[in-house]
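In what follows, a structure is listed as structure tokens, so that the remarks can point back to it.
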Amino acid sequence: MDKDGLIINLEEISFGYPDRPPVLDKLNLQFCRGDRMGLMGPNGSGKTTLFHIIMGLIKHSSGRIEIFGRHVKEEKDFRSVRQRIGLLFQDADDQLFSPTVLEDVAFGPLNLGKSQDEAKAIARKTLASLGLAGFEDRITYKLSGGEKRLVSLATVLAMEPEVLLLDEPSTGLDETTEKSIIDILRGLDLSYILVSHNIDFLVETTHHVGYMANGKVSVDPESIPHTHVHTHKHGKYVHEHGRKTPNDKA
Amino acid sequence: MDKDGLIINLEEISFGYPDRPPVLDKLNLQFCRGDRMGLMGPNGSGKTTLFHIIMGLIKHSSGRIEIFGRHVKEEKDFRSVRQRIGLLFQDADDQLFSPTVLEDVAFGPLNLGKSQDEAKAIARKTLASLGLAGFEDRITYKLSGGEKRLVSLATVLAMEPEVLLLDEPSTGLDETTEKSIIDILRGLDLSYILVSHNIDFLVETTHHVGYMANGKVSVDPESIPHTHVHTHKHGKYVHEHGRKTPNDKA
Amino acid sequence: MIGNEVATGDSLIHSLDPRVKIVAVCLFSIVVAVSHRFVVLMSAMGLGLSIILLAGVPMRQLVRRLIPVNTFILLLWIFLPFSFEGEPLFSLGPLVGVREGVLYAARISIKSNAIVVVLIALVASTSILTLGHAMHELKAPKKIVHLFFFTCRYVDVIHREYVRLANAVKVRGFRPGTNMHTYKTLAYLVGMLLVRSSDRAQRVNNAMLCRGFRGNLYSLSTFSLKAADVASLILMLALMLALGVLEWTKMA
Amino acid sequence: MHISEGVLSPSVLVAGAALTTAGVAVGLKRLDHEEIPSAGILSAAFFVASLVHVPAGPASVHLVMNGLLGLILGWKAFPAILVGLGLQALLFQFGGLTTLGVNTLNMALPAVICYYLFGWGAKAGTRQHVLTITAFACGSCAVLFSGVMVGFSLYLTGEAFLPAAKLVVAAHLPVMFIEGGLTAACAFFLRRVRPELLEGQYVPKSASQF
Ligand SMILES: Nc1ncnc2c1ncn2[C@@H]1O[C@H](COP(=O)(O)OP(=O)(O)OP(=O)(O)O)[C@@H](O)[C@H]1O
Ligand SMILES: Nc1ncnc2c1ncn2[C@@H]1O[C@H](COP(=O)(O)OP(=O)(O)OP(=O)(O)O)[C@@H](O)[C@H]1O
Ligand SMILES: [Mg+2]
Ligand SMILES: [Mg+2]
């Protein structure tokens with residue numbers, strides 16, 4: 001890996017919530033500029049925790065974090081990290097707190113020191129780029145699930161980050177919204193790590209996939225493509241995966 | 001369908017939240033005794049809303065509901081429905097509101113007019129039957145996610161309902177807990193309708209699956225089992241479904 | 001939050017009936033709060049310390065829990081010694097510390113600490129929900145007891161929601177300061193919290209309706225008095241009576 | 001500002017406890033059994049809000065928000081605040097048991113007074129700026145009254161407390177503006193997102209809502 005392009009470098013990170021078995025156990029992860037990485041792993045394997053550690057929302061108990069070539073440790077080191085790395089939370093409801101969409105999207109730029117007018121202009125532009133023009137005065141709390149996701153993405157993109165951490169951006173969305181998220185992600189000129197349980201989605205949006213289990217991330221670029229065949233009977237129904245439904249086939 | 005076994009009969013039910021497009025649009029649904037039905041559908045398609053309408057927590061705007069052969073309409077009609085149909089809520093934190101597990105499970109029987117001692121006995125029995133003996137004095141808010149789910153199920157079963165409506169009983173659970181929920185559901189001598197996004201889970205727990213979209217439920221018992229073969233290339237990765245991961249294969 | 005406050009241990013104090021403990025603590029607090037004589041206050045302090053020793057409360061916890069009351073007391077020490085007329089004791093610049101003032105402040109300090117020490121012995125040896133149940137058994141109004149339970153139950157859930165919202169503003173570069181932007185943002189967070197809580201209240205109501213709720217809330221708690229409980233209660237009553245007599249004889 | 005145990009004179013403690021009992025009784029009377037869960041969850045929300053640090057110059061203050069609580073709960077603020085302060089006394093030893101009456105009175109009475117003085121501004125149909133001004137007044141006056149009442153409780157205990165009482169009131173003055181501003185912004189938020197909460201219908205009537 002090109003040492004110069006290395007933007008996130010986690011070395012032997014360990015972490016556990018109080019009174020629980022460790023969630024991360026000497027985890028190593030290298031992430032380079034221009035990379036688009038998928039991350040899978042069972043529920044509770046610590047994917048969300050990993051993202052929160054990178055953003056400094058949770059303090060790891062041991063190990064070393066280097067971001068953009070600088071060792072980050074304290075809250076103030078993470079402040080500048082948060083301006084350059086954007087995190088899309090797993091639950092969009094946690095991300096939107098302002099009454100209107102425009103205020104929410106303008107919030108980040110305001111924190112970066114932009115004036116009210118600049119911030120609003122940035123917010124409008126970002127919304128428009130995601131096909132959300134006209135949403136400015138909608139009440140965030142009353143948006144549909146898919147709209148909340150897209151607006152959350154807008155709030156993150158409005159800060160013009162260099163890297164995105166996307167925590168299950170597609171869960172719970174219908175196919176149309178999922179499709180539009182795929183298109184948006186492909187159109188972005190950004191590096192990102194994307195958590196999803198849906199490999200179809202990862203296939204479409206990332207270059208390679210890491211797998212998280214037992215507190216570690218394993219990236220295995222040598223696995224070989226192959227074909228798999230499966231049949232399951234379920235009464236009269238066939239076992240089908242993902243979003244496909246009996247009706248699609250009938 | 002055996003008219004005698006018909007326990008839930010929804011005819012042309014329509015409903016919409018204020019200032020929103022309709023969620024249910026002339027929905028028809030028949031559900032018979034002994035049946036175990038799965039229900040899938042994209043987010044926001046109205047699955048939770050449908051359950052709430054059956055329980056009389058939301059009033060439908062038009063259509064006719066017949067439950068256990070009786071036309072139900074008013075709040076007081078639904079009171080007796082709620083004794084015979086148990087609803088497991090999507091969020092277990094909403095369902096467990098008492099300080100301790102025993103109190104929570106005994107709450108239903110007490111409301112049904114049981115004495116304190118009878119209610120406690122029923123609660124103990126129900127907990128034991130779900131493998132939760134010893135949980136009586138645990139504090140509800142300190143339970144883990146999986147334990148909360150199981151206790152929620154106990155609170156519903158303690159009312160000895162004839163039918164269960166289960167709203168995503170497996171989301172957010174790890175495989176072990178999911179497995180134990182599957183075993184419990186299979187062991188129950190009850191009819192139920194079960195909402196889940198996870199077809200593997202539905203395959204294991206239900207006889208057939210309905211699909212909810214555009215405000216309607218379509219049940220298609222005539223779909224034919226078949227085999228599907230697929231190959232996708234993804235860089236060097238193979239497309240894999242469900243829980244399987246690159247590492248399993250590597 | 002509430003979850004962190006664990007009442008583990010197996011001292012005599014832990015095993016006492018919570019109703020006895022509540023009655024004893026209330027009695028103690030009232031008697032001490034109305035007492036004046038140093039003898040009485042010192043005895044009360046001694047009693048309080050023996051109780052807390054008996055309860056085996058860890059030193060660190062004790063000190064941590066004593067901080068809030070003593071910050072308030074400290075504030076009073078800044079003023080009280082100088083606000084009396086009487087025999088001068090010391091002087092700080094133009095300010096003259098007066099004997100009566102110092103005694104008054106000292107009295108308050110002992111009183112407060114004695115009462116709080118006993119309160120700590122209570123809460124460190126009894127879980128908060130047990131206290132709720134005991135209040136029910138002691139015939140506190142049912143509505144208050146249930147209000148108490150619901151508040152306890154959902155404080156943690158809502159606190160977690162608050163932490164998630166606070167994290168969301170943090171990752172978007174928010175740094176609190178003394179300015180309108182900060183106040184507006186915090187107001188929005190509180191507003192969001194209230195909106196979510198009212199939504200949750202609606203869902204909880206629905207869940208309760210589904211279980212046949214018609215306005216009756218029940219409590220299944222049962223406590224039974226043991227010999228040790230009765231003995232402790234009598235001992236406490238006797239001690240309080242003794243303190244009362246001590247205080248009263250001075251008046252006479 | 002919670003007054004600690006052992007500071008106040010017996011007569012002040014008794015008067016506070018008696019008035020609080022009366023207020024709580026009125027509040028409980030207006031609180032239907034069915035509303036207890038909602039009131040409990042909302043008071044949990046206020047409990048959490050009261051832990052929020054707000055920077056004020058070099059120091060930081062905790063939110064009080066009793067004005068907003070009054071707007072939303074009316075007389076029910078009495079039992080809600082009693083429970084909240086009781087929990088704070090038990091969990092963190094803020095305040096205490098014998099002072100629970102006085103402390104509850106000092107926070108709840110201003111909440112109820114402000115509800116009657118300014119509650120009309122939050123009702124449906126008022127103009128935006130009317131809401132903002134009344135909410136600001138409600139939030140700041142509630143805190144000011146609380147400060148004055150705390151100072152008064154101290155003063156009634158003894159003349160010697162006068163300087164401390166003055167300091168307490170003075171310390172509430174900057175907080176007053178912060179609270180007013182936050183209450184106004186919060187009311188603005190609620191008006192846009194969930195107006196029912198402000199309109200005195202805080203209890204969701206789930207079954208009869210539609
Ligand atoms: N605040 C917390 N306190 C205690 N335990 C927690 C907390 N947050 C998460 N956990 C636990 O830590 C583990 C890892 O959680 P995390 O949310 O990181 O998993 P995840 O991989 O993101 O799962 P999912 O796919 O469900 O989102 C889980 O077992 C979870 O229960
Ligand atoms: N209280 C409410 N007020 C207004 N709209 C609502 C309310 N509850 C749900 N909705 C909307 O109604 C639609 C159906 O919601 P519902 O919760 O029934 O969907 P669902 O199929 O259960 O989705 P999920 O799979 O996410 O649980 C959604 O668009 C939702 O935003
Ligand atoms: Mg996660
Ligand atoms: Mg749902």
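Convention: chains lettered A, B, ... in structure tokens order; per-chain residue numbering from 1; ligands numbered from 1 as shown.
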Within 10 Å of D:Ala59, counting only C-alpha atoms, which residues show up once you throw out same-chain ones fewer than 5 positions away? Write them as a PyMOL selection string, please.
(chain C and resi 178) or (chain D and resi 53-54)
Write out as a VMD selection string every residue belonging to chain C that has an atom at most 7 Å from any atom of chain D, counting only C-alpha atoms.
chain C and resid 29 to 30 33 to 34 65 68 to 69 72 76 79 to 80 83 to 84 108 111 to 112 115 123 144 147 to 148 150 to 151 154 to 155 158 to 159 176 to 178 183 to 184 187 to 188 190 to 191 193 to 195 197 to 198 201 to 202 206 215 to 216
Stretch 143-156 of chain A surroundings by only C-alpha atoms, 8 Å radius, close-in-sequence under 4 positions cut, as a ChimeraX atom specification:
/A:86-88,92-93,95-96,101,104-108,123,126-127,130,132,138-139,160-161,169,172-174,177,181 /B:43-44 /C:172
Those selected residues, please, written with N, CA, C and O atoms and delivered as a CSV table (one decimal), in the first residue's frame.
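again_10.csv written:
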chain,number,residue,atom,x,y,z
A,86,GLY,N,-16.5,12.5,7.3
A,86,GLY,CA,-17.9,12.6,7.6
A,86,GLY,C,-18.5,11.3,8.0
A,86,GLY,O,-18.2,10.3,7.4
A,87,LEU,N,-19.3,11.2,9.1
A,87,LEU,CA,-19.9,10.0,9.5
A,87,LEU,C,-21.4,10.0,9.2
A,87,LEU,O,-22.1,10.9,9.7
A,88,LEU,N,-21.9,9.0,8.5
A,88,LEU,CA,-23.4,8.9,8.4
A,88,LEU,C,-23.8,7.9,9.4
A,88,LEU,O,-23.4,6.7,9.3
A,92,ALA,N,-30.9,7.3,10.9
A,92,ALA,CA,-31.0,8.7,10.5
A,92,ALA,C,-31.7,9.6,11.5
A,92,ALA,O,-31.5,10.8,11.5
A,93,ASP,N,-32.6,9.0,12.3
A,93,ASP,CA,-33.3,9.8,13.3
A,93,ASP,C,-32.3,10.4,14.3
A,93,ASP,O,-32.7,11.4,14.9
A,95,GLN,N,-29.5,11.7,13.5
A,95,GLN,CA,-28.7,12.6,12.8
A,95,GLN,C,-29.3,14.0,12.6
A,95,GLN,O,-28.7,15.0,12.5
A,96,LEU,N,-30.7,13.9,12.5
A,96,LEU,CA,-31.4,15.2,12.1
A,96,LEU,C,-32.1,15.7,13.4
A,96,LEU,O,-32.9,15.1,13.9
A,101,VAL,N,-35.1,21.1,7.1
A,101,VAL,CA,-34.0,20.5,6.4
A,101,VAL,C,-32.9,21.5,6.1
A,101,VAL,O,-31.7,21.2,6.4
A,104,ASP,N,-30.8,22.1,9.1
A,104,ASP,CA,-29.9,20.9,9.5
A,104,ASP,C,-28.7,20.8,8.6
A,104,ASP,O,-27.6,20.6,9.0
A,105,VAL,N,-28.9,21.0,7.3
A,105,VAL,CA,-27.8,20.9,6.4
A,105,VAL,C,-26.8,22.1,6.5
A,105,VAL,O,-25.6,21.9,6.4
A,106,ALA,N,-27.3,23.2,6.9
A,106,ALA,CA,-26.4,24.4,7.1
A,106,ALA,C,-25.7,24.3,8.4
A,106,ALA,O,-24.7,25.1,8.6
A,107,PHE,N,-26.1,23.4,9.3
A,107,PHE,CA,-25.5,23.4,10.6
A,107,PHE,C,-23.9,23.1,10.6
A,107,PHE,O,-23.2,23.8,11.2
A,108,GLY,N,-23.6,22.1,9.8
A,108,GLY,CA,-22.1,21.8,9.7
A,108,GLY,C,-21.3,23.0,9.2
A,108,GLY,O,-20.4,23.4,9.8
A,123,ALA,N,-25.7,24.7,1.7
A,123,ALA,CA,-26.8,23.7,2.0
A,123,ALA,C,-27.7,23.6,0.7
A,123,ALA,O,-28.0,22.4,0.3
A,126,THR,N,-25.9,21.6,-1.9
A,126,THR,CA,-25.7,20.2,-1.6
A,126,THR,C,-27.1,19.5,-1.8
A,126,THR,O,-27.1,18.4,-2.4
A,127,LEU,N,-28.1,20.1,-1.3
A,127,LEU,CA,-29.4,19.5,-1.5
A,127,LEU,C,-29.7,19.3,-3.0
A,127,LEU,O,-30.2,18.2,-3.4
A,130,LEU,N,-28.1,16.4,-4.6
A,130,LEU,CA,-28.7,15.1,-4.3
A,130,LEU,C,-30.1,14.9,-4.7
A,130,LEU,O,-30.8,14.0,-4.4
A,132,LEU,N,-32.5,16.9,-4.0
A,132,LEU,CA,-33.5,17.3,-2.9
A,132,LEU,C,-33.8,18.8,-3.0
A,132,LEU,O,-34.3,19.3,-2.0
A,138,ARG,N,-39.0,21.7,4.4
A,138,ARG,CA,-39.7,20.5,5.0
A,138,ARG,C,-39.2,20.3,6.5
A,138,ARG,O,-38.1,20.6,6.8
A,139,ILE,N,-40.1,19.7,7.3
A,139,ILE,CA,-39.8,19.5,8.7
A,139,ILE,C,-39.0,18.1,8.7
A,139,ILE,O,-39.6,17.1,8.3
A,160,GLU,N,-18.2,19.1,3.2
A,160,GLU,CA,-17.1,18.8,2.2
A,160,GLU,C,-16.0,18.0,2.8
A,160,GLU,O,-14.8,18.4,2.8
A,161,PRO,N,-16.3,16.8,3.3
A,161,PRO,CA,-15.3,15.9,3.9
A,161,PRO,C,-14.5,15.3,2.8
A,161,PRO,O,-14.8,15.3,1.6
A,169,PRO,N,-26.1,2.6,5.0
A,169,PRO,CA,-26.9,3.7,4.4
A,169,PRO,C,-28.1,3.1,3.7
A,169,PRO,O,-29.0,3.9,3.4
A,172,GLY,N,-33.3,-0.7,5.4
A,172,GLY,CA,-34.6,-0.2,5.6
A,172,GLY,C,-35.1,0.7,4.5
A,172,GLY,O,-36.1,1.4,4.7
A,173,LEU,N,-34.4,0.7,3.4
A,173,LEU,CA,-34.9,1.5,2.3
A,173,LEU,C,-35.5,0.7,1.2
A,173,LEU,O,-35.2,-0.4,1.0
A,174,ASP,N,-36.5,1.3,0.5
A,174,ASP,CA,-37.0,0.6,-0.6
A,174,ASP,C,-36.1,0.6,-1.8
A,174,ASP,O,-35.1,1.3,-1.8
A,177,THR,N,-35.1,4.1,-3.5
A,177,THR,CA,-34.2,4.9,-2.7
A,177,THR,C,-32.8,4.3,-2.7
A,177,THR,O,-31.8,5.0,-2.9
A,181,ILE,N,-29.4,6.0,-3.9
A,181,ILE,CA,-28.2,6.1,-3.1
A,181,ILE,C,-26.9,5.5,-3.8
A,181,ILE,O,-25.8,6.1,-3.8
B,43,ASN,N,-39.9,-0.8,3.9
B,43,ASN,CA,-40.1,0.1,5.0
B,43,ASN,C,-41.2,1.1,4.7
B,43,ASN,O,-41.2,1.5,3.6
B,44,GLY,N,-42.0,1.3,5.6
B,44,GLY,CA,-43.0,2.3,5.4
B,44,GLY,C,-44.2,1.8,4.6
B,44,GLY,O,-45.0,2.6,4.2
C,172,ARG,N,-20.4,16.9,13.5
C,172,ARG,CA,-20.6,17.9,12.5
C,172,ARG,C,-19.8,19.2,13.0
C,172,ARG,O,-20.2,20.3,12.6
Could you give me, as a ChimeraX atom specification, the residues within 9 Å of stretch 42-45 of chain C, counting only C-alpha atoms and dropping anything in the same chain fewer than 6 positions from it?
/C:28,32,110-111,113-115,117,240,243
Residues contacting ligand 4 - anything with an atom at most 7 Å away, using only C-alpha atoms and all ligand atoms - can you give me those as a compact mmCIF listing (two decimals) with all heavy atoms, in the first residue's frame?
# COMPACT_ATOMS: atom_id res chain seq x y z
N ASN B 43 -39.86 -0.85 3.94
CA ASN B 43 -40.10 0.07 5.05
C ASN B 43 -41.17 1.06 4.68
O ASN B 43 -41.22 1.53 3.55
CB ASN B 43 -38.84 0.88 5.35
CG ASN B 43 -37.85 0.07 6.12
OD1 ASN B 43 -36.92 -0.43 5.55
ND2 ASN B 43 -38.09 -0.09 7.39
N GLY B 44 -41.98 1.34 5.65
CA GLY B 44 -43.02 2.34 5.41
C GLY B 44 -44.17 1.83 4.58
O GLY B 44 -45.05 2.59 4.19
N GLY B 46 -46.42 -0.03 5.67
CA GLY B 46 -47.63 -0.03 6.49
C GLY B 46 -47.85 -1.30 7.30
O GLY B 46 -48.95 -1.54 7.78
N LYS B 47 -46.83 -2.10 7.50
CA LYS B 47 -47.00 -3.35 8.24
C LYS B 47 -47.36 -3.07 9.70
O LYS B 47 -48.31 -3.64 10.24
CB LYS B 47 -45.71 -4.19 8.16
CG LYS B 47 -45.25 -4.43 6.73
CD LYS B 47 -43.93 -5.17 6.66
CE LYS B 47 -42.75 -4.41 7.22
NZ LYS B 47 -42.39 -3.18 6.48
N THR B 48 -46.58 -2.19 10.30
CA THR B 48 -46.87 -1.84 11.69
C THR B 48 -48.25 -1.20 11.80
O THR B 48 -49.04 -1.53 12.68
CB THR B 48 -45.78 -0.88 12.21
OG1 THR B 48 -44.53 -1.53 12.11
CG2 THR B 48 -46.02 -0.49 13.64
N GLN B 90 -42.59 -3.51 17.79
CA GLN B 90 -41.32 -3.46 17.09
C GLN B 90 -40.17 -3.08 18.04
O GLN B 90 -39.07 -3.58 17.91
CB GLN B 90 -41.44 -2.42 15.96
CG GLN B 90 -40.41 -2.55 14.89
CD GLN B 90 -40.81 -1.81 13.61
OE1 GLN B 90 -41.95 -1.40 13.44
NE2 GLN B 90 -39.86 -1.65 12.72
N ASP B 167 -44.21 -8.11 15.41
CA ASP B 167 -43.66 -7.07 14.55
C ASP B 167 -42.13 -7.11 14.62
O ASP B 167 -41.52 -6.60 15.55
CB ASP B 167 -44.19 -5.70 15.00
CG ASP B 167 -44.11 -4.66 13.89
OD1 ASP B 167 -43.48 -4.94 12.86
OD2 ASP B 167 -44.68 -3.57 14.08
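Proximity to chain C at a cut-off of 7 Å picks out Leu57, Arg79, Arg82, Gln83, Leu87, Asp94, Gln95, Phe97, Pro99, Glu103, Gly108, Asn111, Leu112, Tyr141 and Lys142 of chain B on chain B, counting only C-alpha atoms.
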Any chance you can output those residues with N, CA, C and O atoms as a PDB file, in the first residue's frame?
ATOM      1  N   LEU B  57     -55.700   0.222  17.802  1.00  0.00           N
ATOM      2  CA  LEU B  57     -54.915   1.332  18.356  1.00  0.00           C
ATOM      3  C   LEU B  57     -54.999   2.536  17.434  1.00  0.00           C
ATOM      4  O   LEU B  57     -54.760   3.663  17.837  1.00  0.00           O
ATOM      5  N   ARG B  79     -61.495  -3.941  23.041  1.00  0.00           N
ATOM      6  CA  ARG B  79     -60.995  -4.391  24.338  1.00  0.00           C
ATOM      7  C   ARG B  79     -60.957  -5.904  24.415  1.00  0.00           C
ATOM      8  O   ARG B  79     -60.001  -6.487  24.891  1.00  0.00           O
ATOM      9  N   ARG B  82     -58.251  -7.406  22.229  1.00  0.00           N
ATOM     10  CA  ARG B  82     -56.893  -7.321  22.765  1.00  0.00           C
ATOM     11  C   ARG B  82     -56.596  -8.411  23.782  1.00  0.00           C
ATOM     12  O   ARG B  82     -55.446  -8.649  24.119  1.00  0.00           O
ATOM     13  N   GLN B  83     -57.665  -9.043  24.312  1.00  0.00           N
ATOM     14  CA  GLN B  83     -57.405 -10.154  25.216  1.00  0.00           C
ATOM     15  C   GLN B  83     -57.097 -11.427  24.451  1.00  0.00           C
ATOM     16  O   GLN B  83     -56.497 -12.347  24.978  1.00  0.00           O
ATOM     17  N   LEU B  87     -50.053  -8.554  20.675  1.00  0.00           N
ATOM     18  CA  LEU B  87     -49.174  -7.845  19.742  1.00  0.00           C
ATOM     19  C   LEU B  87     -47.791  -7.657  20.351  1.00  0.00           C
ATOM     20  O   LEU B  87     -47.664  -7.140  21.457  1.00  0.00           O
ATOM     21  N   ASP B  94     -40.598  -0.158  24.325  1.00  0.00           N
ATOM     22  CA  ASP B  94     -41.958   0.359  24.476  1.00  0.00           C
ATOM     23  C   ASP B  94     -42.833  -0.629  25.221  1.00  0.00           C
ATOM     24  O   ASP B  94     -43.845  -0.262  25.796  1.00  0.00           O
ATOM     25  N   GLN B  95     -42.459  -1.890  25.145  1.00  0.00           N
ATOM     26  CA  GLN B  95     -43.350  -2.909  25.672  1.00  0.00           C
ATOM     27  C   GLN B  95     -43.080  -3.221  27.132  1.00  0.00           C
ATOM     28  O   GLN B  95     -43.963  -3.650  27.847  1.00  0.00           O
ATOM     29  N   PHE B  97     -42.496  -1.757  30.474  1.00  0.00           N
ATOM     30  CA  PHE B  97     -42.551  -0.464  31.155  1.00  0.00           C
ATOM     31  C   PHE B  97     -42.557  -0.613  32.660  1.00  0.00           C
ATOM     32  O   PHE B  97     -42.496   0.372  33.377  1.00  0.00           O
ATOM     33  N   PRO B  99     -41.120  -1.856  36.446  1.00  0.00           N
ATOM     34  CA  PRO B  99     -39.761  -1.905  36.998  1.00  0.00           C
ATOM     35  C   PRO B  99     -39.100  -3.279  36.900  1.00  0.00           C
ATOM     36  O   PRO B  99     -37.948  -3.373  36.482  1.00  0.00           O
ATOM     37  N   GLU B 103     -43.194  -8.120  37.413  1.00  0.00           N
ATOM     38  CA  GLU B 103     -44.310  -7.175  37.372  1.00  0.00           C
ATOM     39  C   GLU B 103     -44.791  -6.940  35.957  1.00  0.00           C
ATOM     40  O   GLU B 103     -45.987  -6.827  35.696  1.00  0.00           O
ATOM     41  N   GLY B 108     -50.443  -7.958  32.396  1.00  0.00           N
ATOM     42  CA  GLY B 108     -51.577  -8.362  31.563  1.00  0.00           C
ATOM     43  C   GLY B 108     -52.595  -9.179  32.335  1.00  0.00           C
ATOM     44  O   GLY B 108     -53.773  -8.812  32.413  1.00  0.00           O
ATOM     45  N   ASN B 111     -54.658  -7.181  34.635  1.00  0.00           N
ATOM     46  CA  ASN B 111     -55.693  -6.411  33.954  1.00  0.00           C
ATOM     47  C   ASN B 111     -56.852  -7.282  33.521  1.00  0.00           C
ATOM     48  O   ASN B 111     -57.958  -6.798  33.339  1.00  0.00           O
ATOM     49  N   LEU B 112     -56.578  -8.572  33.335  1.00  0.00           N
ATOM     50  CA  LEU B 112     -57.664  -9.482  32.958  1.00  0.00           C
ATOM     51  C   LEU B 112     -58.453  -9.909  34.189  1.00  0.00           C
ATOM     52  O   LEU B 112     -59.304 -10.781  34.104  1.00  0.00           O
ATOM     53  N   TYR B 141     -34.987  -2.445  32.550  1.00  0.00           N
ATOM     54  CA  TYR B 141     -34.133  -1.620  31.699  1.00  0.00           C
ATOM     55  C   TYR B 141     -32.694  -2.059  31.683  1.00  0.00           C
ATOM     56  O   TYR B 141     -31.890  -1.543  30.922  1.00  0.00           O
ATOM     57  N   LYS B 142     -32.365  -3.048  32.507  1.00  0.00           N
ATOM     58  CA  LYS B 142     -30.987  -3.523  32.467  1.00  0.00           C
ATOM     59  C   LYS B 142     -30.830  -4.805  31.658  1.00  0.00           C
ATOM     60  O   LYS B 142     -29.757  -5.388  31.637  1.00  0.00           O
TER      61      LYS B 142
END
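Residue nearest ligand 2, chosen from A:Thr171, A:Ala128, A:Gly5, A:Ser62 and counting only C-alpha atoms and all ligand atoms: A:Thr171.
Selecting chain B residues within 9 Å of chain D and counting only C-alpha atoms yields Tyr17, Pro18, Gly56, Leu57, Ile58, Lys59, His60, Ser61, Glu75 and Phe97 of chain B.
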Per DSSP on the backbone, filter stretch 22-241 of chain A down to the residues in helix (DSSP H, G or I) and report them as a PyMOL selection string.
chain A and resi 47-54+75-84+92-95+101-111+116-129+140-142+145-157+175-187+199-205
